[in-house]
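Novice: Pasting structure23.csv here (CSV, C-alpha atoms and all ligand atoms):
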chain,number,residue,atom,x,y,z
A,1,MET,CA,-38.0,-12.8,212.6
A,2,THR,CA,-39.7,-16.1,213.3
A,3,ALA,CA,-40.0,-18.9,210.8
A,4,GLU,CA,-43.7,-18.2,210.6
A,5,ASP,CA,-43.0,-14.6,209.8
A,6,LYS,CA,-40.5,-15.5,207.2
A,7,ALA,CA,-43.1,-17.9,205.5
A,8,ARG,CA,-45.7,-15.1,205.5
A,9,LEU,CA,-43.2,-12.7,204.0
A,10,ALA,CA,-42.3,-15.2,201.3
A,11,VAL,CA,-46.0,-15.5,200.4
A,12,LEU,CA,-46.4,-11.8,200.3
A,13,LEU,CA,-43.3,-11.4,198.1
A,14,ASP,CA,-44.6,-14.1,195.8
A,15,MET,CA,-48.0,-12.3,195.5
A,16,ALA,CA,-46.3,-9.0,194.8
A,17,GLY,CA,-44.1,-10.5,192.2
A,18,GLY,CA,-47.1,-12.0,190.4
A,19,PHE,CA,-49.0,-8.7,190.6
A,20,LEU,CA,-46.0,-6.8,189.1
A,21,ARG,CA,-45.4,-9.4,186.4
A,22,ASP,CA,-49.0,-9.6,185.3
A,23,SER,CA,-49.7,-5.9,185.3
A,24,HIS,CA,-46.3,-4.8,183.9
A,25,TRP,CA,-47.0,-4.6,180.1
A,26,ARG,CA,-50.5,-3.1,180.5
A,27,GLU,CA,-49.2,-0.4,182.8
A,28,ARG,CA,-46.3,0.4,180.5
A,29,GLU,CA,-48.8,1.7,177.9
A,30,THR,CA,-48.7,4.9,180.0
A,31,PRO,CA,-45.2,5.0,181.4
A,32,VAL,CA,-44.8,6.6,184.8
A,33,PHE,CA,-41.7,8.1,186.2
A,34,GLU,CA,-42.3,7.2,189.8
A,35,ASP,CA,-42.2,3.4,189.6
A,36,ASP,CA,-42.5,2.2,193.2
A,37,ALA,CA,-41.9,-1.5,192.4
A,38,ALA,CA,-40.1,-3.3,195.2
A,39,GLN,CA,-36.4,-3.6,194.8
A,40,SER,CA,-36.0,-7.3,195.5
A,41,VAL,CA,-39.0,-9.3,194.7
A,42,ALA,CA,-38.0,-12.7,193.5
A,43,GLY,CA,-39.8,-14.9,191.1
A,44,ALA,CA,-40.3,-12.8,187.9
A,45,GLY,CA,-37.7,-14.8,186.1
A,46,GLY,CA,-39.1,-18.3,186.2
A,47,GLY,CA,-37.6,-18.9,189.7
A,48,ASP,CA,-34.5,-16.9,189.0
A,49,SER,CA,-33.9,-13.7,191.1
A,50,LEU,CA,-31.5,-10.8,191.1
A,51,GLU,CA,-30.1,-12.0,194.4
A,52,THR,CA,-29.4,-15.4,192.9
A,53,ILE,CA,-27.6,-13.8,190.0
A,54,ALA,CA,-25.6,-11.5,192.3
A,55,ALA,CA,-24.5,-14.5,194.4
A,56,GLU,CA,-23.4,-16.4,191.2
A,57,VAL,CA,-21.5,-13.3,190.0
A,58,ARG,CA,-19.7,-13.2,193.3
A,59,GLU,CA,-18.6,-16.8,192.8
A,60,CYS,CA,-18.0,-16.6,189.1
A,61,ARG,CA,-14.7,-17.6,187.5
A,62,ALA,CA,-15.9,-17.9,183.9
A,63,CYS,CA,-13.3,-15.4,182.6
A,64,GLY,CA,-9.9,-14.0,183.5
A,65,LEU,CA,-11.3,-10.8,185.0
A,66,ARG,CA,-12.2,-12.7,188.2
A,67,ALA,CA,-8.5,-12.9,189.2
A,68,LEU,CA,-8.0,-9.2,188.7
A,69,ARG,CA,-10.9,-7.5,190.3
A,70,ILE,CA,-11.5,-6.6,193.9
A,71,LEU,CA,-15.4,-6.7,194.1
A,72,PRO,CA,-17.8,-7.8,191.4
A,73,VAL,CA,-20.5,-5.3,190.4
A,74,PRO,CA,-23.7,-7.1,189.6
A,75,GLY,CA,-25.8,-3.9,189.4
A,76,GLU,CA,-28.4,-2.1,191.4
A,77,GLY,CA,-31.8,-0.5,191.1
A,78,VAL,CA,-35.5,-1.4,191.1
A,79,GLN,CA,-37.4,-4.3,189.7
A,80,GLN,CA,-39.4,-3.9,186.5
A,81,PRO,CA,-37.6,-0.6,185.8
A,82,LEU,CA,-38.8,2.1,183.4
A,83,ALA,CA,-35.2,2.1,182.1
A,84,LEU,CA,-32.4,-0.4,182.2
A,85,VAL,CA,-29.1,1.6,182.1
A,86,ILE,CA,-26.2,-0.4,180.7
A,87,GLY,CA,-22.6,0.7,180.9
A,88,GLU,CA,-19.4,-0.9,179.8
A,89,ALA,CA,-17.6,-2.3,182.9
A,90,PRO,CA,-16.8,-1.4,186.4
A,91,GLY,CA,-14.1,1.2,186.9
A,92,SER,CA,-11.7,1.5,189.8
A,93,GLU,CA,-14.1,3.0,192.3
A,94,GLU,CA,-16.9,0.6,191.3
A,95,ASP,CA,-14.4,-2.2,191.8
A,96,GLU,CA,-13.6,-1.0,195.3
A,97,ARG,CA,-17.2,-0.5,196.3
A,98,GLY,CA,-19.1,-3.2,194.3
A,99,LYS,CA,-21.6,-0.6,193.0
A,100,PRO,CA,-22.2,0.5,189.4
A,101,PHE,CA,-21.5,4.1,188.3
A,102,VAL,CA,-20.0,5.7,191.4
A,103,GLY,CA,-17.4,8.5,191.6
A,104,ALA,CA,-17.4,11.4,189.2
A,105,ALA,CA,-18.9,9.5,186.3
A,106,GLY,CA,-21.6,8.1,188.5
A,107,HIS,CA,-22.6,11.5,189.9
A,108,LEU,CA,-22.8,12.8,186.3
A,109,LEU,CA,-24.9,9.8,185.3
A,110,ASP,CA,-27.3,10.4,188.2
A,111,ARG,CA,-27.6,14.0,187.1
A,112,MET,CA,-28.2,13.0,183.5
A,113,LEU,CA,-30.9,10.5,184.6
A,114,ALA,CA,-32.5,13.1,186.9
A,115,SER,CA,-32.8,15.5,183.9
A,116,VAL,CA,-35.2,13.1,182.4
A,117,ASN,CA,-36.9,12.1,185.6
A,118,LEU,CA,-35.0,8.8,186.0
A,119,SER,CA,-33.2,7.6,189.1
A,120,ARG,CA,-31.5,4.4,190.2
A,121,THR,CA,-33.6,4.6,193.4
A,122,THR,CA,-37.0,4.9,191.9
A,123,ASN,CA,-37.3,3.7,188.3
A,124,CYS,CA,-34.0,2.4,186.9
A,125,PHE,CA,-31.7,-0.5,187.2
A,126,ILE,CA,-28.0,0.1,186.4
A,127,THR,CA,-25.5,-2.6,185.4
A,128,ASN,CA,-22.7,-3.2,183.0
A,129,THR,CA,-22.0,-5.6,180.1
A,130,VAL,CA,-19.3,-7.3,182.3
A,131,LYS,CA,-19.5,-7.4,186.0
A,132,CYS,CA,-15.8,-7.4,186.9
A,133,ARG,CA,-13.3,-4.6,186.2
A,134,PRO,CA,-11.0,-5.0,183.3
A,135,PRO,CA,-7.4,-4.0,184.3
A,136,GLY,CA,-6.4,-0.5,183.5
A,137,ASN,CA,-10.0,0.3,182.4
A,138,ARG,CA,-9.3,-1.4,179.1
A,139,ASP,CA,-12.2,-2.5,176.9
A,140,PRO,CA,-13.6,-5.9,177.9
A,141,LEU,CA,-12.3,-8.6,175.5
A,142,PRO,CA,-14.9,-10.4,173.4
A,143,GLU,CA,-14.5,-13.6,175.3
A,144,GLU,CA,-15.0,-11.7,178.6
A,145,THR,CA,-18.2,-10.1,177.3
A,146,ALA,CA,-19.4,-13.5,176.0
A,147,ALA,CA,-18.7,-15.2,179.3
A,148,CYS,CA,-20.6,-12.5,181.2
A,149,ALA,CA,-23.5,-12.2,178.8
A,150,PRO,CA,-25.7,-14.8,180.5
A,151,PHE,CA,-25.8,-12.7,183.7
A,152,LEU,CA,-27.1,-9.7,181.8
A,153,ALA,CA,-29.5,-11.8,179.9
A,154,ARG,CA,-30.9,-13.3,183.1
A,155,GLN,CA,-31.1,-9.9,184.7
A,156,MET,CA,-33.1,-8.6,181.7
A,157,ARG,CA,-35.4,-11.5,181.8
A,158,ILE,CA,-36.3,-10.7,185.4
A,159,LEU,CA,-36.3,-6.9,185.1
A,160,ARG,CA,-38.3,-6.7,181.8
A,161,PRO,CA,-37.4,-3.0,181.4
A,162,ALA,CA,-39.6,-0.7,179.4
A,163,TYR,CA,-36.6,1.0,177.8
A,164,ILE,CA,-32.9,0.3,177.6
A,165,LEU,CA,-30.4,3.2,177.8
A,166,CYS,CA,-26.8,2.3,176.7
A,167,MET,CA,-24.1,4.5,178.0
A,168,GLY,CA,-21.2,4.6,175.6
A,169,ARG,CA,-19.7,2.6,172.7
A,170,ILE,CA,-19.1,-0.7,174.3
A,171,ALA,CA,-22.6,-1.1,175.8
A,172,ALA,CA,-24.2,0.0,172.5
A,173,GLN,CA,-22.0,-2.3,170.4
A,174,THR,CA,-22.6,-5.2,172.7
A,175,MET,CA,-26.3,-4.8,172.9
A,176,LEU,CA,-26.8,-4.1,169.2
A,177,ARG,CA,-24.2,-6.6,168.1
A,178,THR,CA,-22.3,-4.2,165.8
A,179,ASN,CA,-19.0,-2.6,165.4
A,180,GLU,CA,-20.4,0.8,164.5
A,181,GLY,CA,-19.0,3.8,166.5
A,182,ILE,CA,-21.1,5.5,169.2
A,183,GLY,CA,-21.3,8.6,166.9
A,184,ARG,CA,-23.5,6.6,164.6
A,185,LEU,CA,-25.3,4.5,167.2
A,186,ARG,CA,-26.3,7.3,169.6
A,187,GLY,CA,-29.6,9.2,169.5
A,188,THR,CA,-31.6,6.6,167.5
A,189,PHE,CA,-34.1,4.2,168.8
A,190,PHE,CA,-33.5,0.5,168.0
A,191,ASP,CA,-35.7,-2.5,168.8
A,192,TYR,CA,-33.8,-4.8,171.1
A,193,THR,CA,-35.0,-8.3,170.8
A,194,PRO,CA,-33.8,-10.5,173.7
A,195,ASP,CA,-31.9,-13.5,172.4
A,196,TYR,CA,-31.6,-15.4,175.7
A,197,PRO,CA,-33.4,-18.7,176.0
A,198,LEU,CA,-37.2,-18.2,176.2
A,199,ASN,CA,-38.0,-21.6,177.6
A,200,HIS,CA,-38.9,-20.7,181.1
A,201,GLN,CA,-42.4,-19.5,180.6
A,202,PRO,CA,-44.7,-20.2,177.6
A,203,ASP,CA,-45.7,-16.6,177.2
A,204,ASP,CA,-42.1,-15.4,176.8
A,205,ALA,CA,-42.1,-16.0,173.1
A,206,ALA,CA,-44.6,-13.2,172.7
A,207,ALA,CA,-42.5,-10.7,174.8
A,208,PRO,CA,-42.2,-7.5,172.7
A,209,ALA,CA,-39.0,-5.9,171.6
A,210,ILE,CA,-37.6,-3.3,173.9
A,211,PRO,CA,-36.8,0.2,172.6
A,212,LEU,CA,-33.1,0.9,173.1
A,213,ILE,CA,-31.3,4.2,172.8
A,214,ALA,CA,-27.6,4.9,173.3
A,215,THR,CA,-25.7,8.0,174.2
A,216,TYR,CA,-22.2,8.9,175.3
A,217,HIS,CA,-20.7,7.5,178.5
A,218,PRO,CA,-20.5,10.0,181.3
A,219,SER,CA,-16.8,9.4,181.5
A,220,ALA,CA,-16.6,10.7,177.9
A,221,LEU,CA,-18.5,13.8,178.9
A,222,LEU,CA,-16.1,14.4,181.7
A,223,ARG,CA,-13.2,14.2,179.2
A,224,ASP,CA,-14.9,16.2,176.5
A,225,ALA,CA,-17.5,18.8,177.5
A,226,SER,CA,-18.5,19.3,173.9
A,227,LEU,CA,-20.3,16.0,174.0
A,228,LYS,CA,-22.7,17.2,176.7
A,229,ARG,CA,-25.0,18.9,174.2
A,230,PRO,CA,-25.5,15.8,171.9
A,231,ALA,CA,-25.9,13.7,175.0
A,232,TRP,CA,-28.6,16.0,176.2
A,233,GLU,CA,-30.3,15.8,172.8
A,234,ASP,CA,-30.3,12.0,173.1
A,235,LEU,CA,-31.8,12.1,176.6
A,236,LYS,CA,-34.5,14.5,175.3
A,237,LYS,CA,-35.5,11.8,172.8
A,238,LEU,CA,-35.8,9.3,175.5
A,239,LEU,CA,-37.8,11.8,177.6
A,240,ALA,CA,-40.2,12.4,174.7
A,241,ARG,CA,-40.8,8.6,174.5
A,242,LEU,CA,-41.3,8.3,178.2
A,243,ARG,CA,-44.0,11.0,178.0
A,244,THR,CA,-45.8,9.5,175.1
B,301,LIG,S1,-16.6,-10.6,184.3
B,301,LIG,FE1,-18.5,-11.8,184.4
B,301,LIG,S2,-17.9,-13.8,183.4
B,301,LIG,FE2,-16.0,-12.8,184.0
B,301,LIG,S3,-15.5,-13.5,186.1
B,301,LIG,FE3,-16.7,-11.6,186.3
B,301,LIG,S4,-18.8,-12.3,186.5
B,301,LIG,FE4,-17.7,-14.0,185.7
Represent the structure of the file as structure tokens.
Ligand code: SF4
Specialist:
Amino acid sequence: MTAEDKARLAVLLDMAGGFLRDSHWRERETPVFEDDAAQSVAGAGGGDSLETIAAEVRECRACGLRALRILPVPGEGVQQPLALVIGEAPGSEEDERGKPFVGAAGHLLDRMLASVNLSRTTNCFITNTVKCRPPGNRDPLPEETAACAPFLARQMRILRPAYILCMGRIAAQTMLRTNEGIGRLRGTFFDYTPDYPLNHQPDDAAAPAIPLIATYHPSALLRDASLKRPAWEDLKKLLARLRT
């Protein structure tokens, strides 16, 4: 690609970013399942981009997990997703591949999402509360979650999801800032109000709260099949909202 071609492409991407940004909230009044937003359009976050964040995650040494992981897992999916799916932390397979929710739990997550017309390739973005694997799949420590929180906040500011779906206790507790168990948090819609700095664009202060619902982590469903029924009930509530 020549330098001129690259310049043209940059202009087109900028225009596409502006179009998506300006039309996002109006279009969300009637949510659609087949969101064909481009995957990597920079500029919706006041000059920030998912690529920039991913690059910073790769270099990050803000907590002790950096020394223990193989690959960081910034997340993947589409821009301006219908749903932002948030898990706890990368597991061993994610750590080896640098992708969120792979392996058995990842396949189950994909099936759960498909049951409500969601997909990481068309209308979701999937990430975790921390981007590096805690050793032995232990829970992330509070200081690790706090150190990594700015990355998730920046991703959310760019993504501006219509809904947030938390998979499991850690993600729900982190996003809702509570110690309640997943049994009490799941299946109920909460209004998630972003608490990251809103000083990049003047209109950010008016950004609406994002509906958030939590359910069981797919790994929990693989350990205990009796959780599949309540998880399905949670997903049906999300589906009903998506169809409203
Ligand atoms: S978990 Fe987050 S804060 Fe810690 S090293 Fe990885 S990217 Fe940085």
Novice: Excluding same-chain residues fewer than 4 positions from Lys237 in chain A, what lies within 9 Å of it counting all atoms listed in the file, as a list in words?
Specialist: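 Listing them by chain and then by number gives Gly187, Thr188, Phe189, Ile213, Trp232, Glu233, Arg241 and Leu242 of chain A.
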Novice: Around ligand LIG 301 (chain B), out to 9 Å and counting all atoms listed in the file, which residues are there? I want them as JSON, numbers by chain.
Specialist: {"A": [54, 56, 57, 58, 59, 60, 61, 62, 63, 64, 65, 66, 67, 69, 72, 73, 74, 89, 129, 130, 131, 132, 133, 134, 140, 143, 144, 145, 146, 147, 148, 149, 150, 151]}
Novice: Let's have the selection written as a PDB file, keeping the file's coordinate frame, with C-alpha atoms.
Specialist:
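Resulting contents of result_28.pdb:
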ATOM      1  CA  ALA A  54     -25.600 -11.500 192.300  1.00  0.00           C
ATOM      2  CA  GLU A  56     -23.400 -16.400 191.200  1.00  0.00           C
ATOM      3  CA  VAL A  57     -21.500 -13.300 190.000  1.00  0.00           C
ATOM      4  CA  ARG A  58     -19.700 -13.200 193.300  1.00  0.00           C
ATOM      5  CA  GLU A  59     -18.600 -16.800 192.800  1.00  0.00           C
ATOM      6  CA  CYS A  60     -18.000 -16.600 189.100  1.00  0.00           C
ATOM      7  CA  ARG A  61     -14.700 -17.600 187.500  1.00  0.00           C
ATOM      8  CA  ALA A  62     -15.900 -17.900 183.900  1.00  0.00           C
ATOM      9  CA  CYS A  63     -13.300 -15.400 182.600  1.00  0.00           C
ATOM     10  CA  GLY A  64      -9.900 -14.000 183.500  1.00  0.00           C
ATOM     11  CA  LEU A  65     -11.300 -10.800 185.000  1.00  0.00           C
ATOM     12  CA  ARG A  66     -12.200 -12.700 188.200  1.00  0.00           C
ATOM     13  CA  ALA A  67      -8.500 -12.900 189.200  1.00  0.00           C
ATOM     14  CA  ARG A  69     -10.900  -7.500 190.300  1.00  0.00           C
ATOM     15  CA  PRO A  72     -17.800  -7.800 191.400  1.00  0.00           C
ATOM     16  CA  VAL A  73     -20.500  -5.300 190.400  1.00  0.00           C
ATOM     17  CA  PRO A  74     -23.700  -7.100 189.600  1.00  0.00           C
ATOM     18  CA  ALA A  89     -17.600  -2.300 182.900  1.00  0.00           C
ATOM     19  CA  THR A 129     -22.000  -5.600 180.100  1.00  0.00           C
ATOM     20  CA  VAL A 130     -19.300  -7.300 182.300  1.00  0.00           C
ATOM     21  CA  LYS A 131     -19.500  -7.400 186.000  1.00  0.00           C
ATOM     22  CA  CYS A 132     -15.800  -7.400 186.900  1.00  0.00           C
ATOM     23  CA  ARG A 133     -13.300  -4.600 186.200  1.00  0.00           C
ATOM     24  CA  PRO A 134     -11.000  -5.000 183.300  1.00  0.00           C
ATOM     25  CA  PRO A 140     -13.600  -5.900 177.900  1.00  0.00           C
ATOM     26  CA  GLU A 143     -14.500 -13.600 175.300  1.00  0.00           C
ATOM     27  CA  GLU A 144     -15.000 -11.700 178.600  1.00  0.00           C
ATOM     28  CA  THR A 145     -18.200 -10.100 177.300  1.00  0.00           C
ATOM     29  CA  ALA A 146     -19.400 -13.500 176.000  1.00  0.00           C
ATOM     30  CA  ALA A 147     -18.700 -15.200 179.300  1.00  0.00           C
ATOM     31  CA  CYS A 148     -20.600 -12.500 181.200  1.00  0.00           C
ATOM     32  CA  ALA A 149     -23.500 -12.200 178.800  1.00  0.00           C
ATOM     33  CA  PRO A 150     -25.700 -14.800 180.500  1.00  0.00           C
ATOM     34  CA  PHE A 151     -25.800 -12.700 183.700  1.00  0.00           C
TER      35      PHE A 151
END
Novice: Please return, as a CSV table (one decimal) with C-alpha atoms, keeping the file's coordinate frame, all polymer residues that have at least one atom within 7 Å of the point (-18.3, 13.9, 186.3); use all atoms listed in the file and the file's own coordinate frame.
Specialist:
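Output (result22.csv):
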chain,number,residue,atom,x,y,z
A,104,ALA,CA,-17.4,11.4,189.2
A,105,ALA,CA,-18.9,9.5,186.3
A,107,HIS,CA,-22.6,11.5,189.9
A,108,LEU,CA,-22.8,12.8,186.3
A,218,PRO,CA,-20.5,10.0,181.3
A,219,SER,CA,-16.8,9.4,181.5
A,222,LEU,CA,-16.1,14.4,181.7
Novice: Find the residue from A:Arg97, A:Gln80, A:Lys236, A:Gly87 that sits nearest to Leu165 in chain A; use all atoms listed in the file when measuring.
Specialist: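 Of the candidates, the smallest distance to Leu165 in chain A is held by A:Gly87.
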Novice: Just to confirm, what's the straight-line distance from CA of Ser115 in chain A to CA of Leu239 in chain A in Å (one decimal)?
Specialist: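 About the pair CA of Ser115 in chain A and CA of Leu239 in chain A: they are 8.9 Å apart.
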Novice: Please measure the separation of CA of Pro161 in chain A and CA of Val116 in chain A, giving the value in Å to one decimal.
Specialist: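 So the two atoms, CA of Pro161 in chain A and CA of Val116 in chain A, lie 16.3 Å apart.
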